[in-house]
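final_20.cif follows; it contains mmCIF, C-alpha atoms (C1' of nucleotides).
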data_model
loop_
_atom_site.label_atom_id
_atom_site.label_comp_id
_atom_site.auth_asym_id
_atom_site.auth_seq_id
_atom_site.Cartn_x
_atom_site.Cartn_y
_atom_site.Cartn_z
CA MET A 545 3.93 -1.85 -10.53
CA ARG A 546 3.86 0.23 -13.62
CA LEU A 547 2.11 3.53 -14.03
CA SER A 548 1.69 4.83 -17.56
CA THR A 549 -0.86 6.62 -19.67
CA LYS A 550 -2.31 3.23 -20.54
CA GLY A 551 -3.26 2.67 -16.94
CA ARG A 552 -4.62 6.18 -16.72
CA TYR A 553 -6.82 5.60 -19.75
CA ALA A 554 -8.16 2.44 -18.20
CA VAL A 555 -8.87 4.10 -14.87
CA THR A 556 -10.62 7.11 -16.34
CA ALA A 557 -12.66 4.87 -18.64
CA MET A 558 -13.71 2.77 -15.68
CA LEU A 559 -14.63 5.92 -13.80
CA ASP A 560 -16.75 6.95 -16.75
CA LEU A 561 -18.46 3.58 -16.58
CA ALA A 562 -19.02 3.85 -12.86
CA LEU A 563 -20.54 7.28 -13.22
CA ASN A 564 -22.88 6.46 -16.12
CA SER A 565 -23.97 2.89 -15.72
CA GLY A 566 -27.05 4.02 -13.86
CA ASN A 567 -29.22 4.01 -16.94
CA GLY A 568 -28.35 1.00 -19.03
CA PRO A 569 -25.03 -0.17 -20.44
CA VAL A 570 -22.49 2.33 -21.66
CA THR A 571 -21.13 2.01 -25.19
CA LEU A 572 -17.47 2.31 -25.98
CA ALA A 573 -18.43 4.97 -28.50
CA ASP A 574 -19.72 7.13 -25.65
CA ILE A 575 -16.59 6.64 -23.60
CA SER A 576 -14.50 7.35 -26.67
CA VAL A 577 -16.19 10.72 -27.06
CA ASN A 578 -16.18 11.52 -23.35
CA GLN A 579 -12.56 10.65 -22.70
CA GLY A 580 -11.06 11.41 -26.07
CA ILE A 581 -9.69 7.90 -26.51
CA SER A 582 -9.89 6.15 -29.86
CA LEU A 583 -12.57 3.49 -30.13
CA SER A 584 -10.28 0.70 -31.23
CA TYR A 585 -7.83 1.39 -28.45
CA LEU A 586 -10.67 1.30 -25.97
CA GLU A 587 -11.67 -2.07 -27.35
CA GLN A 588 -8.21 -3.38 -26.61
CA LEU A 589 -8.25 -2.02 -23.10
CA PHE A 590 -11.70 -3.42 -22.44
CA ALA A 591 -10.70 -6.79 -23.81
CA ALA A 592 -8.12 -6.92 -21.03
CA LEU A 593 -10.58 -5.60 -18.46
CA ARG A 594 -13.16 -8.16 -19.51
CA ALA A 595 -10.64 -10.98 -19.23
CA LYS A 596 -10.19 -10.00 -15.59
CA GLN A 597 -13.95 -9.82 -15.02
CA LEU A 598 -13.77 -6.13 -14.30
CA VAL A 599 -16.38 -5.31 -16.94
CA ARG A 600 -19.22 -7.20 -18.58
CA GLY A 601 -20.07 -6.65 -22.25
CA ILE A 602 -23.59 -6.75 -23.71
CA ARG A 603 -23.75 -7.27 -27.44
CA GLY A 604 -26.21 -6.07 -29.98
CA PRO A 605 -28.13 -2.84 -30.33
CA GLY A 606 -28.69 -1.17 -27.02
CA GLY A 607 -25.67 -3.04 -25.73
CA GLY A 608 -22.53 -1.72 -24.11
CA TYR A 609 -20.57 -2.34 -20.94
CA TYR A 610 -21.40 -2.71 -17.27
CA LEU A 611 -18.97 -2.94 -14.41
CA GLY A 612 -18.17 -6.55 -13.64
CA LYS A 613 -18.72 -6.07 -9.92
CA GLY A 614 -19.70 -3.31 -7.55
CA SER A 615 -17.62 -0.17 -7.83
CA ASP A 616 -16.52 -0.73 -4.24
CA GLN A 617 -15.17 -4.13 -5.22
CA ILE A 618 -12.86 -2.79 -7.91
CA SER A 619 -9.56 -1.28 -6.84
CA ILE A 620 -7.32 0.99 -8.87
CA ALA A 621 -4.61 -1.65 -8.66
CA ASP A 622 -6.98 -4.17 -10.23
CA ILE A 623 -7.53 -1.94 -13.22
CA ILE A 624 -3.90 -1.07 -13.75
CA CYS A 625 -2.77 -4.66 -13.40
CA ALA A 626 -5.40 -5.78 -15.90
CA VAL A 627 -4.11 -3.57 -18.69
CA ASP A 628 -0.44 -3.31 -17.79
CA GLU A 629 0.04 -6.95 -16.97
CA TRP A 630 2.56 -6.50 -14.24
CA VAL A 631 6.00 -7.00 -15.63
CA GLU A 632 7.89 -8.91 -13.02
CA PHE A 633 11.05 -6.99 -12.40
CA THR A 634 13.89 -7.36 -9.97
CA ARG A 635 12.92 -10.73 -8.66
CA CYS A 636 16.51 -11.82 -8.55
CA GLY A 637 15.56 -15.43 -8.82
CA GLY A 638 15.73 -15.01 -12.55
CA ARG A 639 18.62 -14.62 -14.90
CA GLU A 640 20.56 -12.17 -12.82
CA ASN A 641 22.25 -14.07 -10.06
CA CYS A 642 22.75 -11.61 -7.32
CA ARG A 643 26.22 -12.06 -6.02
CA GLY A 644 24.99 -12.20 -2.48
CA GLY A 645 24.84 -9.16 -0.32
CA GLU A 646 24.61 -5.70 -1.67
CA ARG A 647 22.99 -5.84 -5.00
CA CYS A 648 20.28 -8.07 -3.74
CA LEU A 649 19.64 -5.71 -0.86
CA THR A 650 18.80 -2.84 -3.16
CA HIS A 651 16.57 -5.11 -5.19
CA THR A 652 14.81 -6.22 -2.07
CA LEU A 653 14.32 -2.66 -0.95
CA TRP A 654 12.82 -1.80 -4.30
CA ASP A 655 10.52 -4.78 -4.12
CA GLN A 656 9.33 -3.66 -0.73
CA LEU A 657 8.60 -0.22 -2.08
CA SER A 658 6.87 -1.61 -5.13
CA ASP A 659 4.74 -3.76 -2.93
CA GLU A 660 3.79 -0.78 -0.82
CA ILE A 661 2.67 1.21 -3.81
CA PHE A 662 0.62 -1.74 -4.94
CA THR A 663 -1.01 -2.11 -1.54
CA PHE A 664 -1.74 1.59 -1.50
CA LEU A 665 -3.55 1.41 -4.83
CA SER A 666 -5.33 -1.75 -3.78
CA GLU A 667 -6.97 0.10 -0.97
CA ILE A 668 -8.56 2.71 -3.22
CA SER A 669 -11.72 1.59 -5.00
CA LEU A 670 -13.64 3.19 -7.83
CA ALA A 671 -16.40 3.92 -5.34
CA ASP A 672 -13.92 5.79 -3.14
CA LEU A 673 -12.93 8.06 -5.99
CA VAL A 674 -16.46 8.70 -7.12
CA GLU A 675 -17.67 9.39 -3.63
CA ARG A 676 -14.81 11.74 -3.00
CA GLY A 677 -15.52 13.59 -6.22
CA GLN A 678 -19.13 14.06 -5.25
CA ARG A 679 -18.18 15.27 -1.82
CA LYS A 680 -15.91 17.76 -3.46
CA ALA A 681 -18.69 18.96 -5.73
CA ARG A 682 -20.88 19.58 -2.71
CA HIS A 683 -18.38 21.30 -0.48
CA GLU A 684 -16.40 23.01 -3.17
CA GLU A 685 -13.10 22.40 -1.47
CA PRO A 686 -9.64 21.93 -2.89
CA LEU A 687 -9.15 18.29 -3.67
CA THR A 688 -5.50 18.03 -2.96
CA ALA A 689 -5.83 19.35 0.53
CA GLN A 690 -7.65 16.50 2.15
CA PRO A 691 -6.13 13.07 2.33
CA LEU A 692 -8.76 10.52 1.74
CA ASN A 693 -9.21 7.12 3.19
CA GLY A 694 -7.19 7.33 6.31
CA GLY A 695 -5.36 4.26 5.11
CA LYS A 696 -2.73 6.32 3.47
CA GLN A 697 -0.05 5.78 6.07
CA ARG A 698 2.16 3.09 4.71
CA ALA A 699 1.63 0.42 7.24
CA ALA A 700 4.76 -1.54 6.38
CA MET B 745 3.30 10.66 -11.77
CA ARG B 746 4.97 8.11 -13.90
CA LEU B 747 6.43 4.85 -12.73
CA SER B 748 8.72 3.03 -15.14
CA THR B 749 11.91 1.04 -15.20
CA LYS B 750 13.85 4.26 -15.56
CA GLY B 751 12.64 5.42 -12.17
CA ARG B 752 13.44 2.06 -10.68
CA TYR B 753 17.00 2.25 -11.94
CA ALA B 754 17.39 5.66 -10.42
CA VAL B 755 16.00 4.59 -7.07
CA THR B 756 18.12 1.46 -6.79
CA ALA B 757 21.21 3.41 -7.83
CA MET B 758 20.48 6.01 -5.16
CA LEU B 759 20.02 3.24 -2.64
CA ASP B 760 23.38 1.87 -3.64
CA LEU B 761 24.84 5.30 -3.06
CA ALA B 762 23.17 5.65 0.30
CA LEU B 763 24.46 2.28 1.43
CA ASN B 764 28.06 2.75 0.31
CA SER B 765 28.88 6.40 0.69
CA GLY B 766 30.23 5.73 4.16
CA ASN B 767 33.80 5.37 2.96
CA GLY B 768 34.42 7.96 0.30
CA PRO B 769 32.57 8.74 -2.92
CA VAL B 770 31.08 5.94 -4.98
CA THR B 771 32.02 5.63 -8.64
CA LEU B 772 29.46 5.02 -11.33
CA ALA B 773 31.55 2.03 -12.37
CA ASP B 774 30.85 0.44 -9.00
CA ILE B 775 27.15 1.08 -9.26
CA SER B 776 27.19 -0.22 -12.80
CA VAL B 777 28.61 -3.52 -11.62
CA ASN B 778 26.45 -3.73 -8.53
CA GLN B 779 23.17 -2.94 -10.22
CA GLY B 780 23.81 -4.31 -13.66
CA ILE B 781 23.11 -1.00 -15.35
CA SER B 782 25.31 0.20 -18.20
CA LEU B 783 27.74 2.92 -17.29
CA SER B 784 26.57 5.31 -19.99
CA TYR B 785 22.96 4.96 -19.02
CA LEU B 786 23.91 5.64 -15.41
CA GLU B 787 25.65 8.81 -16.52
CA GLN B 788 22.44 9.99 -18.12
CA LEU B 789 20.45 9.25 -15.01
CA PHE B 790 22.99 10.92 -12.76
CA ALA B 791 23.11 13.99 -14.97
CA ALA B 792 19.41 14.42 -14.18
CA LEU B 793 19.93 13.66 -10.50
CA ARG B 794 22.78 16.13 -10.30
CA ALA B 795 20.68 18.83 -11.93
CA LYS B 796 18.20 18.43 -9.10
CA GLN B 797 20.94 18.53 -6.46
CA LEU B 798 20.19 15.00 -5.38
CA VAL B 799 23.79 13.92 -5.91
CA ARG B 800 27.16 15.65 -5.88
CA GLY B 801 29.91 14.57 -8.26
CA ILE B 802 33.63 14.60 -7.47
CA ARG B 803 35.93 14.50 -10.45
CA GLY B 804 39.33 13.02 -10.84
CA PRO B 805 40.93 9.89 -9.40
CA GLY B 806 39.36 8.82 -6.16
CA GLY B 807 36.28 10.70 -7.24
CA GLY B 808 32.73 9.52 -7.55
CA TYR B 809 29.35 10.54 -6.25
CA TYR B 810 27.96 11.53 -2.89
CA LEU B 811 24.35 12.08 -2.02
CA GLY B 812 23.43 15.73 -2.42
CA LYS B 813 21.74 15.86 0.98
CA GLY B 814 21.07 13.56 3.88
CA SER B 815 19.36 10.32 2.95
CA ASP B 816 16.46 11.35 5.14
CA GLN B 817 16.08 14.50 3.05
CA ILE B 818 15.64 12.64 -0.24
CA SER B 819 12.27 11.16 -1.03
CA ILE B 820 11.47 8.51 -3.59
CA ALA B 821 9.26 11.00 -5.37
CA ASP B 822 12.23 13.38 -5.68
CA ILE B 823 14.25 10.72 -7.43
CA ILE B 824 11.53 9.60 -9.80
CA CYS B 825 10.59 13.14 -10.72
CA ALA B 826 14.21 13.99 -11.42
CA VAL B 827 14.65 11.31 -14.07
CA ASP B 828 11.10 11.08 -15.42
CA GLU B 829 10.50 14.78 -15.51
CA TRP B 830 6.87 14.65 -14.62
CA VAL B 831 4.78 14.94 -17.70
CA GLU B 832 1.83 16.93 -16.56
CA PHE B 833 -1.13 15.10 -17.96
CA THR B 834 -4.84 15.62 -17.65
CA ARG B 835 -4.59 19.07 -16.26
CA CYS B 836 -7.51 20.17 -18.35
CA GLY B 837 -6.40 23.75 -18.24
CA GLY B 838 -4.37 22.93 -21.29
CA ARG B 839 -5.28 22.12 -24.83
CA GLU B 840 -8.21 19.86 -24.16
CA ASN B 841 -11.15 22.00 -23.30
CA CYS B 842 -13.34 19.83 -21.19
CA ARG B 843 -16.89 20.22 -22.34
CA GLY B 844 -17.99 20.95 -18.82
CA GLY B 845 -19.26 18.28 -16.52
CA GLU B 846 -18.44 14.68 -17.03
CA ARG B 847 -15.16 14.47 -18.75
CA CYS B 848 -13.63 17.00 -16.46
CA LEU B 849 -14.86 15.04 -13.47
CA THR B 850 -12.98 11.91 -14.45
CA HIS B 851 -9.90 13.99 -15.13
CA THR B 852 -10.21 15.61 -11.75
CA LEU B 853 -10.58 12.26 -10.07
CA TRP B 854 -7.47 11.00 -11.79
CA ASP B 855 -5.59 14.08 -10.75
CA GLN B 856 -6.58 13.48 -7.17
CA LEU B 857 -5.33 9.95 -7.37
CA SER B 858 -2.13 11.06 -9.01
CA ASP B 859 -1.59 13.57 -6.25
CA GLU B 860 -2.10 10.93 -3.65
CA ILE B 861 0.42 8.60 -5.16
CA PHE B 862 2.87 11.45 -5.31
CA THR B 863 2.28 12.38 -1.69
CA PHE B 864 2.67 8.77 -0.71
CA LEU B 865 6.06 8.53 -2.41
CA SER B 866 7.08 11.90 -1.02
CA GLU B 867 6.75 10.57 2.47
CA ILE B 868 9.20 7.73 1.96
CA SER B 869 12.85 8.70 2.16
CA LEU B 870 15.96 6.79 1.21
CA ALA B 871 16.76 6.58 4.89
CA ASP B 872 13.40 4.96 5.53
CA LEU B 873 14.07 2.24 3.03
CA VAL B 874 17.60 1.61 4.22
CA GLU B 875 16.57 1.51 7.84
CA ARG B 876 13.78 -0.87 7.06
CA GLY B 877 16.13 -3.15 5.17
CA GLN B 878 18.59 -3.22 8.01
CA ARG B 879 15.88 -3.99 10.50
CA LYS B 880 14.93 -6.87 8.33
CA ALA B 881 18.52 -8.05 8.00
CA ARG B 882 18.88 -8.13 11.76
CA HIS B 883 15.81 -10.19 12.39
CA GLU B 884 15.85 -12.59 9.54
CA GLU B 885 18.33 -14.26 7.33
CA PRO B 886 18.80 -13.88 3.60
CA LEU B 887 16.65 -11.30 2.04
CA THR B 888 16.20 -13.14 -1.18
CA ALA B 889 14.83 -16.24 0.40
CA GLN B 890 11.56 -14.90 1.64
CA PRO B 891 9.02 -13.57 -0.76
CA LEU B 892 8.26 -10.34 0.88
CA ASN B 893 4.99 -9.67 -0.75
CA GLY B 894 3.39 -12.99 -0.39
CA GLY B 895 4.06 -14.21 -3.81
CA LYS B 896 3.28 -11.81 -6.62
CA GLN B 897 0.21 -13.46 -7.90
CA ARG B 898 -1.55 -10.30 -7.15
CA ALA B 899 -5.27 -10.07 -7.49
CA ALA B 900 -5.06 -11.42 -10.98
"C1'" DG C 953 -34.93 -13.70 -41.61
"C1'" DC C 954 -32.85 -9.21 -42.66
"C1'" DT C 955 -30.18 -5.49 -41.02
"C1'" DA C 956 -28.28 -2.26 -38.05
"C1'" DT C 957 -25.95 -2.04 -33.79
"C1'" DA C 958 -22.31 -2.84 -30.90
"C1'" DC C 959 -19.18 -5.99 -29.00
"C1'" DC C 960 -15.18 -8.97 -30.37
"C1'" DC C 961 -10.62 -9.97 -32.52
"C1'" DG C 962 -6.08 -9.76 -34.72
"C1'" DA C 963 -2.73 -7.84 -37.80
"C1'" DG C 964 -0.24 -3.85 -38.78
"C1'" DT C 965 1.96 0.99 -38.05
"C1'" DG C 966 4.15 5.62 -36.64
"C1'" DC C 967 6.47 7.31 -32.96
"C1'" DG C 968 8.50 8.28 -28.60
"C1'" DT C 969 10.99 6.08 -24.83
"C1'" DT C 970 14.41 2.83 -23.25
"C1'" DG C 971 18.71 1.29 -22.74
"C1'" DG C 972 22.92 1.48 -24.81
"C1'" DT C 973 27.21 2.94 -27.70
"C1'" DC C 974 30.78 5.98 -29.09
"C1'" DG C 975 33.81 9.70 -28.87
"C1'" DG C 976 35.48 13.37 -26.90
"C1'" DG C 977 36.20 16.65 -23.41
"C1'" DA C 978 37.29 18.78 -18.25
"C1'" DA C 979 38.78 18.45 -13.59
"C1'" DC C 980 41.77 16.18 -10.45
"C1'" DC C 981 45.81 13.54 -8.56
"C1'" DG C 982 50.35 11.49 -8.23
"C1'" DC D 350 52.69 15.29 -17.60
"C1'" DG D 351 49.31 10.83 -17.69
"C1'" DG D 352 45.83 8.35 -15.90
"C1'" DT D 353 41.43 8.39 -13.65
"C1'" DT D 354 36.85 9.72 -13.29
"C1'" DC D 355 33.25 12.78 -13.97
"C1'" DC D 356 30.88 15.32 -17.74
"C1'" DC D 357 28.57 16.01 -22.23
"C1'" DG D 358 26.52 15.37 -26.70
"C1'" DA D 359 25.29 12.77 -30.71
"C1'" DC D 360 23.60 8.67 -32.35
"C1'" DC D 361 21.18 4.08 -32.58
"C1'" DA D 362 18.41 -0.52 -32.22
"C1'" DA D 363 14.61 -2.44 -29.96
"C1'" DC D 364 10.45 -2.12 -27.75
"C1'" DG D 365 5.97 -0.59 -26.14
"C1'" DC D 366 2.38 2.66 -26.66
"C1'" DA D 367 -1.42 4.53 -28.80
"C1'" DC D 368 -3.79 4.01 -32.68
"C1'" DT D 369 -5.75 2.26 -37.32
"C1'" DC D 370 -7.83 -1.03 -40.36
"C1'" DG D 371 -10.56 -4.67 -41.57
"C1'" DG D 372 -12.81 -7.99 -40.57
"C1'" DG D 373 -15.87 -10.98 -37.65
"C1'" DT D 374 -20.10 -12.46 -34.24
"C1'" DA D 375 -24.06 -11.93 -31.13
"C1'" DT D 376 -28.33 -9.49 -30.45
"C1'" DA D 377 -32.50 -6.43 -30.99
"C1'" DG D 378 -35.95 -4.49 -33.77
"C1'" DC D 379 -38.35 -4.70 -37.97
#

In structure tokens, what does this structure look like?
Amino acid sequence: MRLSTKGRYAVTAMLDLALNSGNGPVTLADISVNQGISLSYLEQLFAALRAKQLVRGIRGPGGGYYLGKGSDQISIADIICAVDEWVEFTRCGGRENCRGGERCLTHTLWDQLSDEIFTFLSEISLADLVERGQRKARHEEPLTAQPLNGGKQRAA
Amino acid sequence: MRLSTKGRYAVTAMLDLALNSGNGPVTLADISVNQGISLSYLEQLFAALRAKQLVRGIRGPGGGYYLGKGSDQISIADIICAVDEWVEFTRCGGRENCRGGERCLTHTLWDQLSDEIFTFLSEISLADLVERGQRKARHEEPLTAQPLNGGKQRAA
DNA sequence: GCTATACCCGAGTGCGTTGGTCGGGAACCG
DNA sequence: CGGTTCCCGACCAACGCACTCGGGTATAGC
């Protein structure tokens, strides 16, 4: 799992889409202005998102983008994996032959951790985030205080 | 929160330390060999870790590194923050003045998510990982053999 | 059909990070 | 002392990120 500004851009752009797709498709130009991301860079990100069916593009005037599926069907992990393409690290089966024992143990432990982070992000959907944001707007409560989906305990 | 190869190196190195510090301090040379990380790069990482009191260095022959506190007192988030120094993004209170409403909402949602990931990693300690690995070692045979996350073809 | 809109695509670029090198210290031990 | 090992700073090649540029192509409205 990798977590960079690229993934953040993708997630916030998708959030923008989820929030605005009520009335017709959303143009990249709009998102560009809203999020302060360059248009061409957005096009690259959305090319990746489209390849993974996470968004659907409508060409021509009045066109734009829709979400590819329901916002509850799209997880944060989906989005990040789409743009960051999941570099496969520490799977010792590759060039580095673990000399049995120790080294491989640490790699394995890291893999476990990596997997847990992935699972964690898989369980949060766009809809979750949006719904939480709206709840916050209603109650006016600090966001960091309340843990969200109850599924946060790493189930191992 | 940022999650890159740098953080991974730091975490695996700290795991190495946690596993081996039973009999005396561990030298960076050992970790370098075990983990396949260059000695000089390790020194850079450990300079950051030492600054945050996560490790304690012993100079001279027979020297090396100890953990700075108990392995149950050191979280994964601590380690990653020490080496990646937590670039604070999207806190709109900075240079980007959110034009009220929308844009700030997506930023807020991302911040929430970021906080959650951080909390998640804060709740996993080195001791947790080690203990989990040992439990696994008792029950099953080689750690490398079994794909622990069900393959890796994640949601693609 | 024309044309404007907006998606689509690929090559290229400045820059910061990554991972590493080199050289020289400072503390410690026999 | 002399060797070991941590400590520190400067420097560097390669890479990925974020972005730009310059074209396309499909569609809607006229």

Run the PyMOL selection byres ((chain B) within 6 of (chain A)) mentally over the shown coordinates, then write out the matched residues as an NGL selection string, using the chain letters and numbers from the document. :B and (746-748 or 756 or 778-779 or 847 or 850)

Result set, the PyMOL selection byres ((chain D) within 10 of (chain A)) on current file, as a PyMOL selection string: chain D and resi 366-370+374-378

For this structure, which residues satisfy the selection - the PyMOL selection byres ((chain D and resi 359) around 10) - when it is evaluated on the file as given? I want them as a short mmCIF file (atom, residue, chain, number, x, y, z; two decimals) with C-alpha atoms (C1' of nucleotides), keeping the file's coordinate frame.
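So out.cif came out as:
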data_model
loop_
_atom_site.label_atom_id
_atom_site.label_comp_id
_atom_site.auth_asym_id
_atom_site.auth_seq_id
_atom_site.Cartn_x
_atom_site.Cartn_y
_atom_site.Cartn_z
"C1'" DC C 974 30.78 5.98 -29.09
"C1'" DG C 975 33.81 9.70 -28.87
"C1'" DC D 357 28.57 16.01 -22.23
"C1'" DG D 358 26.52 15.37 -26.70
"C1'" DC D 360 23.60 8.67 -32.35
"C1'" DC D 361 21.18 4.08 -32.58
#

Using all atoms listed in the file and a cut-off of 7 Å, which residues of chain C sit close to chain A? Please list them as a compact mmCIF listing (two decimals) with C-alpha atoms (C1' of nucleotides), keeping the file's coordinate frame.
# COMPACT_ATOMS: atom_id res chain seq x y z
C1' DT C 957 -25.95 -2.04 -33.79
C1' DA C 958 -22.31 -2.84 -30.90
C1' DC C 959 -19.18 -5.99 -29.00

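Between atom CA of Asp574 of chain A and atom C1' of DG966 of chain C the separation is 26.3 Å.
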
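With distances taken over all atoms listed in the file, B:Phe790 is the one residue among B:Ile824, B:Gln817, B:Phe790, B:Leu811 lying closest to DC356 of chain D.
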
Correct to one decimal, the distance atom CA of Ser765 of chain B-atom CA of Leu789 of chain B is 18.0 Å

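Note that the spacing between atom CA of Val827 of chain B and atom CA of Val799 of chain B amounts to 12.5 Å.
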
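At a cut-off of 8 Å from (-15.7, -4.3, -35.6), the residue set is DC959 and DC960 of chain C; DG371, DG372 and DG373 of chain D (counting all atoms listed in the file).
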
Once 8 Å is added on each side, what are the centre and the three edge lengths, in Å to one decimal, of the axis-aligned box enclosing the listed atoms of segment 358-374 of chain D? Present them as AutoDock Vina command-line options.
--center_x 3.2 --center_y 1.5 --center_z -33.9 --size_x 62.6 --size_y 43.8 --size_z 31.4
